[in-house]
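Engineer: Structure file final-v4.tsv, TSV, C-alpha atoms, is pasted below:
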```tsv
chain	number	residue	atom	x	y	z
W	1	MET	CA	-177.78	-136.17	61.11
W	2	SER	CA	-179.75	-139.40	60.89
W	3	TYR	CA	-180.83	-141.49	63.86
W	4	LYS	CA	-181.71	-145.16	63.38
W	5	ILE	CA	-183.04	-145.78	66.89
W	6	GLU	CA	-184.59	-143.31	69.32
W	7	ILE	CA	-185.14	-144.42	72.92
W	8	GLU	CA	-187.73	-142.41	74.85
W	9	ASP	CA	-188.36	-142.68	78.60
W	10	LEU	CA	-187.43	-146.38	78.60
W	11	ASN	CA	-187.89	-148.26	81.86
W	12	ALA	CA	-187.39	-152.00	82.28
W	13	TRP	CA	-188.17	-154.44	85.06
W	14	PHE	CA	-187.54	-158.05	85.98
W	15	GLY	CA	-190.49	-158.67	88.27
W	16	ASN	CA	-190.19	-155.93	90.91
W	17	ASN	CA	-186.54	-155.19	90.09
W	18	HIS	CA	-186.38	-151.85	88.27
W	19	VAL	CA	-183.27	-152.26	86.11
W	20	LEU	CA	-183.51	-149.37	83.60
W	21	LYS	CA	-184.73	-145.94	84.64
W	22	ASP	CA	-185.95	-143.30	82.19
W	23	ILE	CA	-183.40	-143.91	79.44
W	24	ASN	CA	-183.42	-141.34	76.64
W	25	MET	CA	-180.89	-141.61	73.81
W	26	LYS	CA	-180.69	-141.42	70.03
W	27	ILE	CA	-178.50	-143.91	68.20
W	28	ARG	CA	-176.85	-142.67	65.03
W	29	GLU	CA	-177.25	-144.60	61.77
W	30	ASN	CA	-174.14	-146.19	60.23
W	31	ALA	CA	-171.98	-145.68	63.31
W	32	VAL	CA	-170.71	-147.69	66.27
W	33	THR	CA	-172.19	-146.88	69.68
W	34	ALA	CA	-170.66	-148.42	72.80
W	35	ILE	CA	-172.47	-148.90	76.09
W	36	ILE	CA	-170.14	-149.01	79.09
W	37	GLY	CA	-170.63	-149.25	82.83
W	38	PRO	CA	-169.94	-151.58	85.78
W	39	SER	CA	-171.46	-155.05	86.02
W	40	GLY	CA	-175.15	-155.06	86.81
W	41	CYS	CA	-175.83	-151.52	85.61
W	42	GLY	CA	-178.31	-152.56	82.90
W	43	LYS	CA	-176.12	-152.61	79.76
W	44	THR	CA	-177.31	-155.98	78.46
W	45	THR	CA	-180.92	-155.30	79.42
W	46	LEU	CA	-180.78	-152.08	77.40
W	47	ILE	CA	-179.73	-153.74	74.15
W	48	ARG	CA	-182.17	-156.62	74.73
W	49	CYS	CA	-184.93	-154.00	74.88
W	50	LEU	CA	-183.84	-152.74	71.45
W	51	ASN	CA	-184.95	-155.93	69.65
W	52	ARG	CA	-187.67	-157.09	72.05
W	53	MET	CA	-185.64	-159.92	73.56
W	54	HIS	CA	-186.20	-158.55	77.07
W	55	GLU	CA	-189.85	-159.55	76.94
W	56	LEU	CA	-188.89	-163.21	76.40
W	57	VAL	CA	-187.86	-163.43	80.08
W	58	PRO	CA	-190.77	-164.43	82.35
W	59	GLY	CA	-191.84	-161.46	84.49
W	60	ALA	CA	-189.94	-158.93	82.36
W	61	ARG	CA	-191.67	-155.77	81.16
W	62	ILE	CA	-190.92	-152.28	79.86
W	63	SER	CA	-192.48	-148.85	79.60
W	64	GLY	CA	-191.56	-146.08	77.20
W	65	ARG	CA	-190.82	-146.23	73.50
W	66	VAL	CA	-188.12	-147.57	71.18
W	67	LEU	CA	-188.41	-146.06	67.71
W	68	LEU	CA	-186.82	-147.81	64.73
W	69	ASP	CA	-186.87	-145.46	61.73
W	70	GLY	CA	-189.52	-143.47	63.58
W	71	ARG	CA	-191.86	-146.35	64.40
W	72	ASP	CA	-192.29	-147.74	67.93
W	73	ILE	CA	-191.26	-151.40	67.89
W	74	TYR	CA	-193.54	-152.01	70.89
W	75	SER	CA	-196.67	-150.68	69.16
W	76	ASP	CA	-199.68	-152.94	68.71
W	77	GLY	CA	-199.42	-154.85	65.46
W	78	VAL	CA	-195.60	-154.84	65.29
W	79	ASP	CA	-194.31	-158.40	64.87
W	80	PRO	CA	-191.36	-159.00	67.25
W	81	VAL	CA	-189.94	-161.60	64.84
W	82	THR	CA	-189.73	-158.94	62.14
W	83	VAL	CA	-188.06	-156.58	64.62
W	84	ARG	CA	-185.43	-159.22	65.45
W	85	ARG	CA	-184.80	-159.79	61.75
W	86	ARG	CA	-184.08	-156.08	61.29
W	87	ILE	CA	-182.08	-155.83	64.54
W	88	GLY	CA	-179.68	-158.78	64.84
W	89	MET	CA	-177.94	-159.89	68.03
W	90	VAL	CA	-174.49	-161.37	68.66
W	91	PHE	CA	-174.09	-162.78	72.15
W	92	GLN	CA	-171.25	-162.72	74.65
W	93	LYS	CA	-170.41	-166.39	74.25
W	94	PRO	CA	-170.15	-167.69	70.68
W	95	ASN	CA	-173.14	-169.95	70.06
W	96	PRO	CA	-172.84	-171.74	66.71
W	97	PHE	CA	-175.37	-174.52	66.20
W	98	PRO	CA	-173.23	-177.53	67.17
W	99	MET	CA	-174.90	-180.07	64.89
W	100	MET	CA	-174.58	-177.84	61.81
W	101	SER	CA	-171.73	-177.23	59.38
W	102	VAL	CA	-170.13	-173.80	58.93
W	103	HIS	CA	-172.23	-173.33	55.78
W	104	ASP	CA	-175.50	-174.37	57.43
W	105	ASN	CA	-174.85	-172.18	60.47
W	106	VAL	CA	-174.73	-169.11	58.23
W	107	ALA	CA	-177.66	-170.30	56.12
W	108	ALA	CA	-179.91	-171.17	59.08
W	109	GLY	CA	-181.76	-167.85	59.24
W	110	LEU	CA	-182.12	-167.70	55.47
W	111	LYS	CA	-183.73	-171.14	55.37
W	112	LEU	CA	-185.99	-170.19	58.27
W	113	ASN	CA	-187.11	-167.20	56.21
W	114	GLY	CA	-187.96	-169.49	53.29
W	115	MET	CA	-184.93	-169.24	51.01
W	116	LYS	CA	-184.57	-172.57	49.18
W	117	ASP	CA	-182.52	-171.73	46.08
W	118	LYS	CA	-179.14	-173.42	46.65
W	119	GLN	CA	-177.24	-170.98	44.44
W	120	ARG	CA	-178.65	-167.97	46.30
W	121	LEU	CA	-177.95	-169.63	49.64
W	122	ASP	CA	-174.35	-170.38	48.67
W	123	LYS	CA	-173.78	-166.83	47.39
W	124	THR	CA	-175.23	-165.27	50.54
W	125	VAL	CA	-173.21	-167.58	52.79
W	126	GLU	CA	-170.01	-166.60	50.96
W	127	LYS	CA	-170.86	-162.89	51.08
W	128	SER	CA	-171.66	-163.06	54.81
W	129	LEU	CA	-168.47	-164.95	55.66
W	130	LYS	CA	-166.46	-162.39	53.68
W	131	LEU	CA	-168.17	-159.53	55.54
W	132	ALA	CA	-167.26	-161.27	58.81
W	133	ILE	CA	-163.60	-161.60	57.68
W	134	LEU	CA	-163.85	-165.39	57.96
W	135	TRP	CA	-164.15	-166.63	54.37
W	136	ASP	CA	-160.41	-167.05	53.72
W	137	GLU	CA	-160.08	-169.21	56.83
W	138	VAL	CA	-163.04	-171.54	56.24
W	139	GLN	CA	-163.78	-171.61	52.50
W	140	LYS	CA	-162.30	-175.10	52.19
W	141	GLU	CA	-164.01	-176.34	55.36
W	142	LEU	CA	-167.63	-175.25	54.87
W	143	ASP	CA	-168.85	-178.78	55.65
W	144	LYS	CA	-166.94	-178.87	58.94
W	145	SER	CA	-168.90	-178.46	62.17
W	146	GLY	CA	-169.25	-174.82	63.25
W	147	ALA	CA	-168.46	-175.91	66.80
W	148	SER	CA	-165.03	-177.19	65.73
W	149	LEU	CA	-163.73	-173.70	64.94
W	150	SER	CA	-161.63	-171.67	67.39
W	151	GLY	CA	-163.40	-169.29	69.78
W	152	GLY	CA	-162.64	-166.22	67.69
W	153	GLN	CA	-163.71	-167.97	64.50
W	154	GLN	CA	-166.92	-169.12	66.17
W	155	GLN	CA	-167.74	-165.52	67.14
W	156	ARG	CA	-167.14	-164.33	63.58
W	157	LEU	CA	-169.29	-167.23	62.36
W	158	CYS	CA	-172.10	-166.00	64.61
W	159	ILE	CA	-171.62	-162.50	63.20
W	160	ALA	CA	-171.81	-163.92	59.67
W	161	ARG	CA	-175.01	-165.73	60.64
W	162	ALA	CA	-176.50	-162.47	61.90
W	163	LEU	CA	-175.40	-160.61	58.75
W	164	ALA	CA	-176.84	-163.24	56.38
W	165	VAL	CA	-180.45	-162.15	56.96
W	166	GLU	CA	-179.45	-158.56	56.10
W	167	PRO	CA	-180.25	-156.73	59.34
W	168	GLU	CA	-180.13	-152.96	59.57
W	169	VAL	CA	-178.85	-152.90	63.16
W	170	ILE	CA	-176.37	-155.26	64.84
W	171	LEU	CA	-176.33	-155.54	68.63
W	172	MET	CA	-173.26	-157.11	70.25
W	173	ASP	CA	-173.19	-158.11	73.91
W	174	GLU	CA	-169.54	-158.15	75.03
W	175	PRO	CA	-168.52	-160.07	71.86
W	176	CYS	CA	-164.83	-160.26	72.83
W	177	SER	CA	-165.04	-161.11	76.53
W	178	ALA	CA	-164.28	-164.81	75.97
W	179	LEU	CA	-161.57	-164.26	73.34
W	180	ASP	CA	-157.78	-163.94	73.34
W	181	PRO	CA	-156.09	-160.67	72.26
W	182	THR	CA	-155.49	-161.82	68.65
W	183	ALA	CA	-159.11	-162.86	68.15
W	184	THR	CA	-160.27	-159.67	69.90
W	185	ALA	CA	-158.25	-157.52	67.47
W	186	LYS	CA	-159.96	-159.22	64.52
W	187	ILE	CA	-163.42	-158.68	65.99
W	188	GLU	CA	-162.64	-155.03	66.73
W	189	LYS	CA	-161.46	-154.49	63.14
W	190	LEU	CA	-164.68	-156.12	61.95
W	191	ILE	CA	-166.81	-153.88	64.19
W	192	ARG	CA	-165.16	-150.76	62.75
W	193	THR	CA	-165.79	-152.01	59.20
W	194	LEU	CA	-169.43	-152.92	59.92
W	195	GLY	CA	-170.02	-149.47	61.39
W	196	GLU	CA	-169.57	-147.97	57.92
W	197	SER	CA	-172.65	-149.80	56.57
W	198	TYR	CA	-174.66	-150.84	59.62
W	199	THR	CA	-175.86	-149.32	62.87
W	200	VAL	CA	-173.79	-151.18	65.47
W	201	VAL	CA	-174.40	-151.10	69.23
W	202	ILE	CA	-171.82	-152.87	71.38
W	203	VAL	CA	-171.91	-153.56	75.12
W	204	THR	CA	-168.40	-153.78	76.55
W	205	HIS	CA	-166.80	-153.86	79.98
W	206	ASN	CA	-163.50	-152.96	78.30
W	207	MET	CA	-163.18	-149.18	78.18
W	208	GLN	CA	-160.11	-149.31	75.95
W	209	GLN	CA	-162.16	-151.30	73.48
W	210	ALA	CA	-164.93	-148.70	73.52
W	211	ALA	CA	-162.33	-146.00	72.89
W	212	ARG	CA	-160.88	-147.97	69.96
W	213	VAL	CA	-164.07	-148.98	68.12
W	214	ALA	CA	-166.93	-146.61	69.02
W	215	ASP	CA	-167.96	-143.32	67.47
W	216	PHE	CA	-170.29	-142.64	70.41
W	217	THR	CA	-170.29	-143.94	73.99
W	218	ALA	CA	-173.02	-144.15	76.62
W	219	PHE	CA	-172.16	-144.60	80.31
W	220	LEU	CA	-174.76	-146.42	82.41
W	221	TYR	CA	-174.73	-146.59	86.20
W	222	LEU	CA	-177.34	-148.26	88.41
W	223	GLY	CA	-179.81	-148.37	85.54
W	224	GLU	CA	-179.50	-144.69	84.64
W	225	LEU	CA	-177.87	-143.05	81.64
W	226	VAL	CA	-175.24	-140.82	83.21
W	227	GLU	CA	-173.58	-139.46	80.08
W	228	TYR	CA	-173.74	-139.99	76.33
W	229	GLY	CA	-171.80	-138.37	73.53
W	230	ASP	CA	-168.81	-138.55	71.17
W	231	THR	CA	-166.41	-141.21	72.38
W	232	SER	CA	-163.49	-138.76	72.38
W	233	THR	CA	-165.43	-136.33	74.59
W	234	ILE	CA	-166.57	-139.03	77.02
W	235	PHE	CA	-163.01	-140.27	77.51
W	236	GLU	CA	-161.05	-137.04	77.31
W	237	ASN	CA	-163.42	-134.44	78.70
W	238	PRO	CA	-166.43	-136.02	80.47
W	239	ARG	CA	-169.01	-133.59	81.83
W	240	ASN	CA	-170.05	-135.77	84.76
W	241	LYS	CA	-167.75	-136.51	87.70
W	242	LEU	CA	-169.18	-140.03	87.96
W	243	THR	CA	-168.13	-140.71	84.35
W	244	GLU	CA	-164.66	-139.41	85.05
W	245	ASN	CA	-164.32	-141.57	88.15
W	246	TYR	CA	-165.41	-144.68	86.22
W	247	ILE	CA	-163.15	-144.23	83.20
W	248	THR	CA	-160.15	-143.41	85.41
W	249	GLY	CA	-160.69	-146.64	87.35
W	250	LYS	CA	-161.75	-145.14	90.68
W	251	PHE	CA	-164.61	-147.66	90.82
W	252	GLY	CA	-166.15	-150.43	88.72
```
So that I can check it, write out the structure of this file as structure tokens.

Structural biologist:
Amino acid sequence: MSYKIEIEDLNAWFGNNHVLKDINMKIRENAVTAIIGPSGCGKTTLIRCLNRMHELVPGARISGRVLLDGRDIYSDGVDPVTVRRRIGMVFQKPNPFPMMSVHDNVAAGLKLNGMKDKQRLDKTVEKSLKLAILWDEVQKELDKSGASLSGGQQQRLCIARALAVEPEVILMDEPCSALDPTATAKIEKLIRTLGESYTVVIVTHNMQQAARVADFTAFLYLGELVEYGDTSTIFENPRNKLTENYITGKFG
């Protein structure tokens, strides 16, 4: 059993607001882990702590440790830019660079990292778009603006952009919340496929989605980790009454 990320006694604050409280969890490598819970329970803050994006907010701070392959990403001497390269993020609202073509959107991170060889860039762009199940739809429109694609295509473009720099972990913050059912089904299929080769952590308010795509599920409530385990166990036989009440719709 191999864990990619180990979270130890993690606390997070925005100013005086204590939003995560003593989180301890181990995230399995090459699997999909879902984080569920009502709005405002700390789901997004938790994944932003996993690639040091939380600290970009003025007044934000953490205590505890986040180990990536056994090394604390918050240790002195660890470059947060390197951490974010290894742990990519896909946001709730698709955010392609509006002034860039489909091709250049995917290539943006590669160019930022110094890749200049056009043949390598083109090959990596194609590979990333294929991984994101988007290539067949855009291969003849690579020069078209990324912002001109449909919402679901834009989200897959953002996933391709994250994949292009070859991360080891992919964080997704409610990636389907702005999409229609058809686009959501494509993203969910993609998440399942990515989970075979990447460590994927997805925040979702949609419990059915967690049940469909995740190998493991964590339930957060008021900043605390209430329950964490196999998705089937969490949904079919939760140990905690609070978890049961949430997944049966008694609150949230």

Engineer: Would you please work out which residue, of W:Pro94, W:Ala107, W:Leu163, W:Glu174, is nearest to Gly151 (chain W) when using only C-alpha atoms?

Structural biologist: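 So, comparing all the options, the nearest one is W:Pro94.
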
Engineer: Anything within 8 Å of (-184.6, -141.0, 72.7): list those residues as a ChimeraX atom specification, counting only C-alpha atoms and sticking to the file's coordinates.

Structural biologist: /W:5-9,23-26,66

Engineer: Using only C-alpha atoms for the distances, tell me which of W:Asp79, W:Glu244, W:Asp104, W:Asp22 is nearest to Asn51 (chain W).

Structural biologist: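 Using only C-alpha atoms, the shortest distance to Asn51 (chain W) belongs to W:Asp79.
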
Engineer: Record the distance separating CA of Glu126 (chain W) and CA of Val102 (chain W), expressed in Å with one decimal.

Structural biologist: 10.7 Å

Engineer: Given the choices W:Glu168, W:Lys250, W:Ala211, W:Gln153, which gets closest to Thr184 (chain W) if the distance is worked out from all atoms listed in the file?

Structural biologist: W:Gln153

Engineer: Given the choices W:Leu20, W:Ala160, W:Leu142, W:Val213, which gets closest to His54 (chain W) if the distance is worked out from only C-alpha atoms?

Structural biologist: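 Under the stated criterion, the closest residue is W:Leu20.
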
Engineer: How big is the axis-aligned box around all listed atoms of region 37-40 of chain W once 8 Å goes on each side, and where's its centre, in Å to one decimal, as lines of an AutoDock Vina configuration file?

Structural biologist:
```
center_x = -172.5
center_y = -152.2
center_z = 84.8
size_x = 21.2
size_y = 21.8
size_z = 20.0
```

Engineer: Suppose you want the space between CA of Val83 (chain W) and CA of Ile170 (chain W); what is it in Å?

Structural biologist: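 Straight-line distance from CA of Val83 (chain W) to CA of Ile170 (chain W) works out to 11.8 Å.
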
Engineer: Point out the residue among W:Gln139, W:Lys186, W:Ala164, W:Gly88 with the least atom-to-atom distance to Val125 (chain W), counting only C-alpha atoms.

Structural biologist: W:Ala164

Engineer: Near Leu190 (chain W), within 10 Å and counting all atoms listed in the file, which residues show up once chain neighbours fewer than 2 positions away are dropped, as a ChimeraX atom specification?

Structural biologist: /W:131-133,156,159,184-188,192-195,213

Engineer: Choose the residue, out of W:Ile27, W:Ala183, W:Met100, W:Met172, that has the smallest atom-to-atom separation from Gly146 (chain W); count only C-alpha atoms.

Structural biologist: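 Of all the options, W:Met100 lies closest to Gly146 (chain W).
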
Engineer: So which residues fall inside 12 Å of (-165.7, -139.1, 72.5) if we count only C-alpha atoms? Mind giving them as number ranges by chain?

Structural biologist: W: 32-34, 207, 210-219, 227-239

Engineer: Which polymer residues have any atom within 12 Å of an atom of Tyr74 (chain W), counting only C-alpha atoms, with same-chain residues fewer than 3 positions away left out, as a tab-separated table (two decimals) with C-alpha atoms, keeping the file's coordinate frame?

Structural biologist:
```tsv
chain	number	residue	atom	x	y	z
W	7	ILE	CA	-185.14	-144.42	72.92
W	8	GLU	CA	-187.73	-142.41	74.85
W	10	LEU	CA	-187.43	-146.38	78.60
W	49	CYS	CA	-184.93	-154.00	74.88
W	50	LEU	CA	-183.84	-152.74	71.45
W	51	ASN	CA	-184.95	-155.93	69.65
W	52	ARG	CA	-187.67	-157.09	72.05
W	53	MET	CA	-185.64	-159.92	73.56
W	54	HIS	CA	-186.20	-158.55	77.07
W	55	GLU	CA	-189.85	-159.55	76.94
W	61	ARG	CA	-191.67	-155.77	81.16
W	62	ILE	CA	-190.92	-152.28	79.86
W	63	SER	CA	-192.48	-148.85	79.60
W	64	GLY	CA	-191.56	-146.08	77.20
W	65	ARG	CA	-190.82	-146.23	73.50
W	66	VAL	CA	-188.12	-147.57	71.18
W	67	LEU	CA	-188.41	-146.06	67.71
W	68	LEU	CA	-186.82	-147.81	64.73
W	70	GLY	CA	-189.52	-143.47	63.58
W	71	ARG	CA	-191.86	-146.35	64.40
W	77	GLY	CA	-199.42	-154.85	65.46
W	78	VAL	CA	-195.60	-154.84	65.29
W	79	ASP	CA	-194.31	-158.40	64.87
W	80	PRO	CA	-191.36	-159.00	67.25
W	81	VAL	CA	-189.94	-161.60	64.84
W	82	THR	CA	-189.73	-158.94	62.14
W	83	VAL	CA	-188.06	-156.58	64.62
```

Engineer: Just give me the gap between CA of Ile87 (chain W) and CA of Pro167 (chain W) in Å, one decimal is fine.

Structural biologist: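 So the answer is 5.6 Å.
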
Engineer: So which residues touch Thr204 (chain W) within 10 Å, counting all atoms listed in the file, skipping near sequence neighbours fewer than 5 positions away, as a list in words?

Structural biologist: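 The neighbour list is Ala34, Ile35, Ile36, Gly37, Pro38, Lys43, Thr44, Gln92, Met172, Asp173, Glu174, Pro175, Cys176, Ser177, Gln209 and Ala210 of chain W.
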
Engineer: Restore N, CA and C atoms in region 209-242 of chain W and list the result as a PDB file, in the coordinates of the input.

Structural biologist:
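Saved file out_5.pdb follows:
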```pdb
ATOM      1  N   GLN W 209    -161.490-150.833  74.694  1.00  0.00           N
ATOM      2  CA  GLN W 209    -162.160-151.300  73.480  1.00  0.00           C
ATOM      3  C   GLN W 209    -163.180-150.285  72.985  1.00  0.00           C
ATOM      4  N   ALA W 210    -163.964-149.733  73.905  1.00  0.00           N
ATOM      5  CA  ALA W 210    -164.930-148.700  73.520  1.00  0.00           C
ATOM      6  C   ALA W 210    -164.204-147.529  72.864  1.00  0.00           C
ATOM      7  N   ALA W 211    -163.083-147.128  73.438  1.00  0.00           N
ATOM      8  CA  ALA W 211    -162.330-146.000  72.890  1.00  0.00           C
ATOM      9  C   ALA W 211    -161.794-146.311  71.500  1.00  0.00           C
ATOM     10  N   ARG W 212    -161.451-147.598  71.257  1.00  0.00           N
ATOM     11  CA  ARG W 212    -160.880-147.970  69.960  1.00  0.00           C
ATOM     12  C   ARG W 212    -161.949-148.086  68.866  1.00  0.00           C
ATOM     13  N   VAL W 213    -163.132-148.622  69.196  1.00  0.00           N
ATOM     14  CA  VAL W 213    -164.070-148.980  68.120  1.00  0.00           C
ATOM     15  C   VAL W 213    -165.277-148.055  67.984  1.00  0.00           C
ATOM     16  N   ALA W 214    -165.631-147.297  69.017  1.00  0.00           N
ATOM     17  CA  ALA W 214    -166.930-146.610  69.020  1.00  0.00           C
ATOM     18  C   ALA W 214    -166.824-145.146  68.583  1.00  0.00           C
ATOM     19  N   ASP W 215    -167.813-144.731  67.812  1.00  0.00           N
ATOM     20  CA  ASP W 215    -167.960-143.320  67.470  1.00  0.00           C
ATOM     21  C   ASP W 215    -168.618-142.555  68.622  1.00  0.00           C
ATOM     22  N   PHE W 216    -169.546-143.241  69.296  1.00  0.00           N
ATOM     23  CA  PHE W 216    -170.290-142.640  70.410  1.00  0.00           C
ATOM     24  C   PHE W 216    -170.266-143.628  71.581  1.00  0.00           C
ATOM     25  N   THR W 217    -170.322-143.090  72.798  1.00  0.00           N
ATOM     26  CA  THR W 217    -170.290-143.940  73.990  1.00  0.00           C
ATOM     27  C   THR W 217    -171.331-143.452  74.997  1.00  0.00           C
ATOM     28  N   ALA W 218    -172.042-144.434  75.567  1.00  0.00           N
ATOM     29  CA  ALA W 218    -173.020-144.150  76.620  1.00  0.00           C
ATOM     30  C   ALA W 218    -172.535-144.815  77.910  1.00  0.00           C
ATOM     31  N   PHE W 219    -172.561-144.064  79.015  1.00  0.00           N
ATOM     32  CA  PHE W 219    -172.160-144.600  80.310  1.00  0.00           C
ATOM     33  C   PHE W 219    -173.399-144.804  81.175  1.00  0.00           C
ATOM     34  N   LEU W 220    -173.633-146.061  81.541  1.00  0.00           N
ATOM     35  CA  LEU W 220    -174.760-146.420  82.410  1.00  0.00           C
ATOM     36  C   LEU W 220    -174.258-146.696  83.817  1.00  0.00           C
ATOM     37  N   TYR W 221    -175.059-146.290  84.808  1.00  0.00           N
ATOM     38  CA  TYR W 221    -174.730-146.590  86.200  1.00  0.00           C
ATOM     39  C   TYR W 221    -176.023-146.768  86.973  1.00  0.00           C
ATOM     40  N   LEU W 222    -176.149-147.928  87.619  1.00  0.00           N
ATOM     41  CA  LEU W 222    -177.340-148.260  88.410  1.00  0.00           C
ATOM     42  C   LEU W 222    -178.643-148.032  87.624  1.00  0.00           C
ATOM     43  N   GLY W 223    -178.599-148.430  86.364  1.00  0.00           N
ATOM     44  CA  GLY W 223    -179.810-148.370  85.540  1.00  0.00           C
ATOM     45  C   GLY W 223    -180.114-147.021  84.937  1.00  0.00           C
ATOM     46  N   GLU W 224    -179.255-146.033  85.177  1.00  0.00           N
ATOM     47  CA  GLU W 224    -179.500-144.690  84.640  1.00  0.00           C
ATOM     48  C   GLU W 224    -178.419-144.323  83.627  1.00  0.00           C
ATOM     49  N   LEU W 225    -178.817-143.556  82.613  1.00  0.00           N
ATOM     50  CA  LEU W 225    -177.870-143.050  81.640  1.00  0.00           C
ATOM     51  C   LEU W 225    -177.223-141.790  82.208  1.00  0.00           C
ATOM     52  N   VAL W 226    -175.950-141.925  82.565  1.00  0.00           N
ATOM     53  CA  VAL W 226    -175.240-140.820  83.210  1.00  0.00           C
ATOM     54  C   VAL W 226    -174.735-139.818  82.177  1.00  0.00           C
ATOM     55  N   GLU W 227    -174.163-140.349  81.094  1.00  0.00           N
ATOM     56  CA  GLU W 227    -173.580-139.460  80.080  1.00  0.00           C
ATOM     57  C   GLU W 227    -173.528-140.181  78.743  1.00  0.00           C
ATOM     58  N   TYR W 228    -173.710-139.414  77.665  1.00  0.00           N
ATOM     59  CA  TYR W 228    -173.740-139.990  76.330  1.00  0.00           C
ATOM     60  C   TYR W 228    -173.246-138.948  75.344  1.00  0.00           C
ATOM     61  N   GLY W 229    -172.307-139.328  74.496  1.00  0.00           N
ATOM     62  CA  GLY W 229    -171.800-138.370  73.530  1.00  0.00           C
ATOM     63  C   GLY W 229    -170.702-138.967  72.673  1.00  0.00           C
ATOM     64  N   ASP W 230    -169.968-138.092  71.955  1.00  0.00           N
ATOM     65  CA  ASP W 230    -168.810-138.550  71.170  1.00  0.00           C
ATOM     66  C   ASP W 230    -167.861-139.300  72.085  1.00  0.00           C
ATOM     67  N   THR W 231    -167.321-140.399  71.570  1.00  0.00           N
ATOM     68  CA  THR W 231    -166.410-141.210  72.380  1.00  0.00           C
ATOM     69  C   THR W 231    -165.212-140.384  72.859  1.00  0.00           C
ATOM     70  N   SER W 232    -164.659-139.561  71.983  1.00  0.00           N
ATOM     71  CA  SER W 232    -163.490-138.760  72.380  1.00  0.00           C
ATOM     72  C   SER W 232    -163.826-137.819  73.534  1.00  0.00           C
ATOM     73  N   THR W 233    -165.023-137.236  73.504  1.00  0.00           N
ATOM     74  CA  THR W 233    -165.430-136.330  74.590  1.00  0.00           C
ATOM     75  C   THR W 233    -165.635-137.088  75.895  1.00  0.00           C
ATOM     76  N   ILE W 234    -166.307-138.230  75.811  1.00  0.00           N
ATOM     77  CA  ILE W 234    -166.570-139.030  77.020  1.00  0.00           C
ATOM     78  C   ILE W 234    -165.264-139.421  77.699  1.00  0.00           C
ATOM     79  N   PHE W 235    -164.254-139.784  76.908  1.00  0.00           N
ATOM     80  CA  PHE W 235    -163.010-140.270  77.510  1.00  0.00           C
ATOM     81  C   PHE W 235    -162.009-139.168  77.841  1.00  0.00           C
ATOM     82  N   GLU W 236    -162.058-138.079  77.101  1.00  0.00           N
ATOM     83  CA  GLU W 236    -161.050-137.040  77.310  1.00  0.00           C
ATOM     84  C   GLU W 236    -161.573-135.843  78.108  1.00  0.00           C
ATOM     85  N   ASN W 237    -162.882-135.609  78.020  1.00  0.00           N
ATOM     86  CA  ASN W 237    -163.420-134.440  78.700  1.00  0.00           C
ATOM     87  C   ASN W 237    -164.857-134.695  79.166  1.00  0.00           C
ATOM     88  N   PRO W 238    -165.058-135.708  80.037  1.00  0.00           N
ATOM     89  CA  PRO W 238    -166.430-136.020  80.470  1.00  0.00           C
ATOM     90  C   PRO W 238    -167.030-134.870  81.277  1.00  0.00           C
ATOM     91  N   ARG W 239    -168.337-134.679  81.114  1.00  0.00           N
ATOM     92  CA  ARG W 239    -169.010-133.590  81.830  1.00  0.00           C
ATOM     93  C   ARG W 239    -169.356-133.982  83.262  1.00  0.00           C
ATOM     94  N   ASN W 240    -169.571-135.298  83.468  1.00  0.00           N
ATOM     95  CA  ASN W 240    -170.050-135.770  84.760  1.00  0.00           C
ATOM     96  C   ASN W 240    -168.900-136.361  85.576  1.00  0.00           C
ATOM     97  N   LYS W 241    -168.812-136.001  86.834  1.00  0.00           N
ATOM     98  CA  LYS W 241    -167.750-136.510  87.700  1.00  0.00           C
ATOM     99  C   LYS W 241    -167.798-138.022  87.847  1.00  0.00           C
ATOM    100  N   LEU W 242    -169.016-138.579  87.852  1.00  0.00           N
ATOM    101  CA  LEU W 242    -169.180-140.030  87.960  1.00  0.00           C
ATOM    102  C   LEU W 242    -168.548-140.731  86.754  1.00  0.00           C
TER     103      LEU W 242
END
```
